[in-house]
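Undergrad: Starting off with a structure, shown below.
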Amino acid sequence: MSTPAATTPSSQTPIPQGAGSAVVPTPAPARATGAQTQGSNSLGTFGVKSGLAQMLKGGVIMDVVNAEQARIAEEAGACAVMALERVPADIRAEGGVARMSDPQMIKEIIEAVTIPVMAKVRIGHFVEAQIIQQIGVDYIDESEVLTPADDEHHINKHAFKIPFVCGARDLGEALRRISEGAAMIRTKGEAGTGNVVEAVRHQRAVMSQIKKASVMSDEELYVFAKEIQAPFHLVKETARLKRLPVVNFAAGGVATPADAALMMQLGCDGVFVGSGIFHSGDPAKRARAIVQAVTHFNNPKILAEVSENLGPAMVGLTIEPDLKGGKFAQRGS
Amino acid sequence: MTPVVSRIGILALQGAFVEHKAALERLPYHRKLEVIFVKTPEELAQCDALIIPGGESTTIALLARLSGLFEPLKEFVKDKPVWGTCAGAILLSQVAENTKKGGQELLVVAGTETKLTLMQVESFEAELTVSGLKDPERPFNGFFIRAPVVVKLHPGPEDPPIQVIASLSPNLLPPALQSPDHSDEPKTFVGLRQGLHFLTTFHPELTNDDRFHEYFVRECVFANKRT
């Protein structure tokens with residue numbers, strides 16, 4: 001908790017931080033490049049974009065492939081749904097190029113629920129993002145689960161009015177995405193495996209690098225920023241806040257209430273569940289149990305209650321070199 | 001003599017509850033205020049006042065139901081100071097329109113009718129006119145995140161009067177909500193108070209400007225503690 005850096009845009013008062021309970025800093029009043037300003041009513045500022053992510057905290061975002069599943073997710077207490085054509089486990093099993101979903105299908109899901117709707121676009125595919133923004137989706141996931149469209153560049157997310165979430169395996173990757181305009185970060189994990197080990201690895205990597213940075217002098221932070229290939233001002237801000245400067249969710253392999261609570265205790269702000277719900281025996285019951293587990297992540301008594309009698313979980317895969325569909329997390333950096 | 005301590009609970013089921021705690025703890029009331037998170041009926045029972053934060057109203061209502069908090073909350077809002085922001089304001093309203101299929105459970109009262117929901121692309125930030133706060137001449141930067149819109153006020157004859165604490169200049173409303181005559185309609189009301197209840201459709205907790213928190217503590221919490 002040093003004095004605020006001259007390079008940081010916000011004038012945030014230092015606040016005590018704790019795992020899973022830290023305050024996301026107040027966004028700077030500076031307007032994003034793509035923002036429309038009408039008098040002093042500003043649309044699509046970074047503050048508004050990251051504000052929506054803050055409202056999702058402590059919640060569960062569920063993958064759904066049609067309006068019916070979206071309604072089940074809403075009734076089970078999802079704080080948002082991710083509309084996609086195939087859940088990651090099916091993309092993995094069926095192979096082929098995975099792309100943005102049919103806008104008609106996404107629109108049906110938007111019509112069916114009142115909670116926010118997210119949709120995935122391929123890494124670097126800014127035209128898919130323009131289309132998704134146009135149809136009124138609330139959030140875009142620039143996702144390694146789909147087949148990348150650009151193996152070098154990510155989308156310039158500042159140019160959009162709607163917010164983006166991006167995956168990251170470590171602090172450097174997270175801060176590179178934030179510098180490109182991501183208003184929310186999630187672990188990459190290994191989607192479609194039902195195996196939480198990679199999400200744990202990524203979350204632990206981010207947290208341990210933040211801890212290291214938080215005790216560094218400025219001289220050391222310059223070197224550290226170079227090492228992790230991240231902009232210095234974001235490294236400095238992260239060190240000061242002792243957390244990522246935007247909301248950070250768990251994703252990739254979460255299949256049980258215990259998995260979800262594990263990620264929360266490791267310091268995540270909320271959880272994405274992909275294949276884990278609609279590839280299980282009783283989706284509605286499991287979804288509701290995971291929602292409760294994220295709220296009561298520190299209460300073993302409630303965790304034990306909600307974990308009972310959920311029926312079979314999705315069949316998991318171990319993470320091996322010949323993993324069917326390959327390691328999605330290695331896409332994009 | 002030890003000062004009387006008021007305990008403010010923040011409903012911590014889902015949403016931006018940590019931000020409210022941080023804002024309350026920045027106020028110069030350390031010795032008179034204690035802030036706790038409320039996830040269970042036992043925790044609610046210890047509170048003198050409550051903040052219902054922003055988040056997803058459907059999620060918060062369901063979690064309240066599953067945690068055995070819904071009925072205790074209904075009792076609590078009858079005679080204790082309660083502030084709802086955004087989703088919290090929806091739960092405190094008497095009638096909600098455009099809710100999810102099957103309807104939205106509400107905690108009643110407050111005599112306002114709020115309407116769901118702006119699409120997120122129409123979330124915005126705008127300067128608000130505030131009265132009753134400290135430094136009322138200084139505008140407040142309001143963050144509206146898929147904000148509910150107040151459609152109609154319907155105070156009962158026995159109820160305390162409804163005061164407008166914050167409003168949005170009609171020309172700053174998103175185009176979809178603007179009416180040609182720019183009349184003074186409830187849509188421009190973004191902060192309302194009725195007795196011990198306080199509603200804001202925007203998010204003061206996302207800023208470093210703590211005047212709304214100061215107002216709630218001073219006008220609703222401390223005032224109620226004294227009587």
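Ligands are numbered from 1 in the order shown, chains are lettered A, B, ... in the order of the structure tokens, and residues start at 1 in each chain.
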I'd like the contact shell of Ala174 of chain A - 9 Å cut-off, only C-alpha atoms, skipping same-chain residues fewer than 2 positions apart - returned as a list in words.
TA: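 Listed by chain and then number, they are Cys166, Gly167, Ala168, Arg169, Asp170, Leu171, Gly172, Arg176, Arg177, Ile178, Ser179, Ala182, Ile185, Arg186, Thr187, Val206, Ala230 and Leu244 of chain A.
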Undergrad: Residues of chain B within 6 Å of chain A: nearest atom pair and distance (Å, one decimal) for each, counting only C-alpha atoms, sorted by chain and number, as a Markdown table?
TA:
```
| residue | atom | partner | partner_atom | distance |
| --- | --- | --- | --- | --- |
| B:Leu13 | CA | A:Thr295 | CA | 5.5 |
| B:Gln14 | CA | A:Gly58 | CA | 4.7 |
| B:Gly15 | CA | A:Met55 | CA | 4.6 |
| B:Ala16 | CA | A:Met55 | CA | 5.3 |
| B:Val18 | CA | A:Val23 | CA | 5.9 |
| B:Glu19 | CA | A:Val23 | CA | 5.6 |
| B:Gly54 | CA | A:Met55 | CA | 5.9 |
| B:Gly55 | CA | A:Met55 | CA | 4.3 |
| B:Glu56 | CA | A:Cys79 | CA | 5.7 |
| B:Thr59 | CA | A:Gly77 | CA | 4.4 |
| B:Lys100 | CA | A:Thr114 | CA | 5.5 |
| B:Gln120 | CA | A:Asp138 | CA | 5.4 |
| B:Phe124 | CA | A:Leu43 | CA | 4.5 |
| B:Glu125 | CA | A:Ser42 | CA | 5.3 |
| B:Ala126 | CA | A:Asn41 | CA | 4.3 |
| B:Ile145 | CA | A:Leu52 | CA | 5.9 |
| B:Leu172 | CA | A:Asn41 | CA | 5.5 |
| B:Leu206 | CA | A:Thr26 | CA | 5.8 |
| B:Thr207 | CA | A:Thr26 | CA | 5.6 |
```
Undergrad: Counting only C-alpha atoms, which of A:Ala149, A:Ile91, A:Leu175, A:Ala73 gets nearest to Gly325 of chain A?
TA: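 Comparing A:Ala149, A:Ile91, A:Leu175, A:Ala73 against Gly325 of chain A, the winner is A:Ile91.
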Undergrad: Counting only C-alpha atoms, what is within 8 Å of segment 189-195 of chain B, bar same-chain residues fewer than 2 positions away, as a ChimeraX atom specification?
TA: /B:110-111,149-150,160-168,185-187,197-202,220
Undergrad: Store the residues picked out above in a file with N, CA, C and O atoms, as an mmCIF file, in the first residue's frame.
TA:
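Output saved as part23.cif:
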```cif
data_model
loop_
_atom_site.group_PDB
_atom_site.id
_atom_site.type_symbol
_atom_site.label_atom_id
_atom_site.label_comp_id
_atom_site.auth_asym_id
_atom_site.auth_seq_id
_atom_site.Cartn_x
_atom_site.Cartn_y
_atom_site.Cartn_z
ATOM 1 N N ALA B 110 -41.619 0.858 0.057
ATOM 2 C CA ALA B 110 -40.957 2.009 -0.554
ATOM 3 C C ALA B 110 -41.805 2.788 -1.549
ATOM 4 O O ALA B 110 -41.417 3.861 -1.979
ATOM 5 N N GLY B 111 -42.987 2.293 -1.909
ATOM 6 C CA GLY B 111 -43.905 3.113 -2.685
ATOM 7 C C GLY B 111 -43.420 3.517 -4.060
ATOM 8 O O GLY B 111 -43.971 4.410 -4.672
ATOM 9 N N VAL B 149 -35.382 1.527 -14.185
ATOM 10 C CA VAL B 149 -35.928 2.867 -14.369
ATOM 11 C C VAL B 149 -37.191 2.995 -13.528
ATOM 12 O O VAL B 149 -38.049 2.113 -13.543
ATOM 13 N N VAL B 150 -37.311 4.092 -12.798
ATOM 14 C CA VAL B 150 -38.520 4.314 -12.004
ATOM 15 C C VAL B 150 -39.639 4.726 -12.941
ATOM 16 O O VAL B 150 -39.503 5.680 -13.702
ATOM 17 N N PRO B 160 -44.843 7.732 4.790
ATOM 18 C CA PRO B 160 -44.054 8.969 4.799
ATOM 19 C C PRO B 160 -43.865 9.472 3.364
ATOM 20 O O PRO B 160 -43.965 8.700 2.416
ATOM 21 N N PRO B 161 -43.625 10.783 3.185
ATOM 22 C CA PRO B 161 -43.501 11.327 1.834
ATOM 23 C C PRO B 161 -42.274 10.771 1.112
ATOM 24 O O PRO B 161 -41.292 10.386 1.735
ATOM 25 N N ILE B 162 -42.368 10.732 -0.205
ATOM 26 C CA ILE B 162 -41.233 10.291 -1.015
ATOM 27 C C ILE B 162 -40.412 11.505 -1.429
ATOM 28 O O ILE B 162 -40.947 12.452 -2.014
ATOM 29 N N GLN B 163 -39.128 11.496 -1.083
ATOM 30 C CA GLN B 163 -38.252 12.621 -1.442
ATOM 31 C C GLN B 163 -37.348 12.203 -2.593
ATOM 32 O O GLN B 163 -36.819 11.089 -2.597
ATOM 33 N N VAL B 164 -37.146 13.125 -3.536
ATOM 34 C CA VAL B 164 -36.187 12.858 -4.609
ATOM 35 C C VAL B 164 -34.817 13.365 -4.167
ATOM 36 O O VAL B 164 -34.624 14.558 -3.952
ATOM 37 N N ILE B 165 -33.881 12.456 -4.001
ATOM 38 C CA ILE B 165 -32.550 12.826 -3.521
ATOM 39 C C ILE B 165 -31.590 13.048 -4.685
ATOM 40 O O ILE B 165 -30.670 13.838 -4.614
ATOM 41 N N ALA B 166 -31.778 12.300 -5.770
ATOM 42 C CA ALA B 166 -30.899 12.470 -6.930
ATOM 43 C C ALA B 166 -31.733 12.352 -8.192
ATOM 44 O O ALA B 166 -32.630 11.520 -8.273
ATOM 45 N N SER B 167 -31.420 13.193 -9.157
ATOM 46 C CA SER B 167 -32.148 13.100 -10.416
ATOM 47 C C SER B 167 -31.203 13.365 -11.576
ATOM 48 O O SER B 167 -30.120 13.921 -11.425
ATOM 49 N N LEU B 168 -31.680 12.920 -12.736
ATOM 50 C CA LEU B 168 -30.897 12.996 -13.955
ATOM 51 C C LEU B 168 -31.576 14.048 -14.825
ATOM 52 O O LEU B 168 -32.790 14.037 -14.973
ATOM 53 N N GLU B 185 -40.690 13.675 -15.115
ATOM 54 C CA GLU B 185 -41.357 12.409 -14.881
ATOM 55 C C GLU B 185 -40.476 11.511 -14.033
ATOM 56 O O GLU B 185 -39.279 11.737 -13.905
ATOM 57 N N PRO B 186 -41.066 10.469 -13.462
ATOM 58 C CA PRO B 186 -40.314 9.604 -12.557
ATOM 59 C C PRO B 186 -39.051 8.988 -13.173
ATOM 60 O O PRO B 186 -38.119 8.678 -12.457
ATOM 61 N N LYS B 187 -39.038 8.862 -14.506
ATOM 62 C CA LYS B 187 -37.860 8.279 -15.150
ATOM 63 C C LYS B 187 -36.565 8.992 -14.804
ATOM 64 O O LYS B 187 -35.493 8.408 -14.861
ATOM 65 N N HIS B 197 -36.345 4.096 4.106
ATOM 66 C CA HIS B 197 -35.896 3.403 2.897
ATOM 67 C C HIS B 197 -35.270 4.348 1.902
ATOM 68 O O HIS B 197 -35.736 5.463 1.703
ATOM 69 N N PHE B 198 -34.226 3.855 1.264
ATOM 70 C CA PHE B 198 -33.447 4.664 0.346
ATOM 71 C C PHE B 198 -33.177 3.808 -0.884
ATOM 72 O O PHE B 198 -32.808 2.628 -0.755
ATOM 73 N N LEU B 199 -33.449 4.363 -2.052
ATOM 74 C CA LEU B 199 -33.266 3.622 -3.302
ATOM 75 C C LEU B 199 -32.361 4.415 -4.233
ATOM 76 O O LEU B 199 -32.572 5.605 -4.428
ATOM 77 N N THR B 200 -31.379 3.772 -4.828
ATOM 78 C CA THR B 200 -30.648 4.413 -5.924
ATOM 79 C C THR B 200 -30.589 3.429 -7.091
ATOM 80 O O THR B 200 -30.319 2.250 -6.891
ATOM 81 N N THR B 201 -30.881 3.922 -8.284
ATOM 82 C CA THR B 201 -30.864 3.027 -9.442
ATOM 83 C C THR B 201 -29.461 2.921 -10.028
ATOM 84 O O THR B 201 -29.214 2.118 -10.908
ATOM 85 N N PHE B 202 -28.549 3.776 -9.525
ATOM 86 C CA PHE B 202 -27.165 3.777 -10.006
ATOM 87 C C PHE B 202 -26.266 3.255 -8.885
ATOM 88 O O PHE B 202 -26.756 2.754 -7.873
ATOM 89 N N CYS B 220 -30.596 8.052 7.761
ATOM 90 C CA CYS B 220 -31.443 6.888 8.006
ATOM 91 C C CYS B 220 -30.972 6.094 9.225
ATOM 92 O O CYS B 220 -31.748 5.794 10.117
#
```
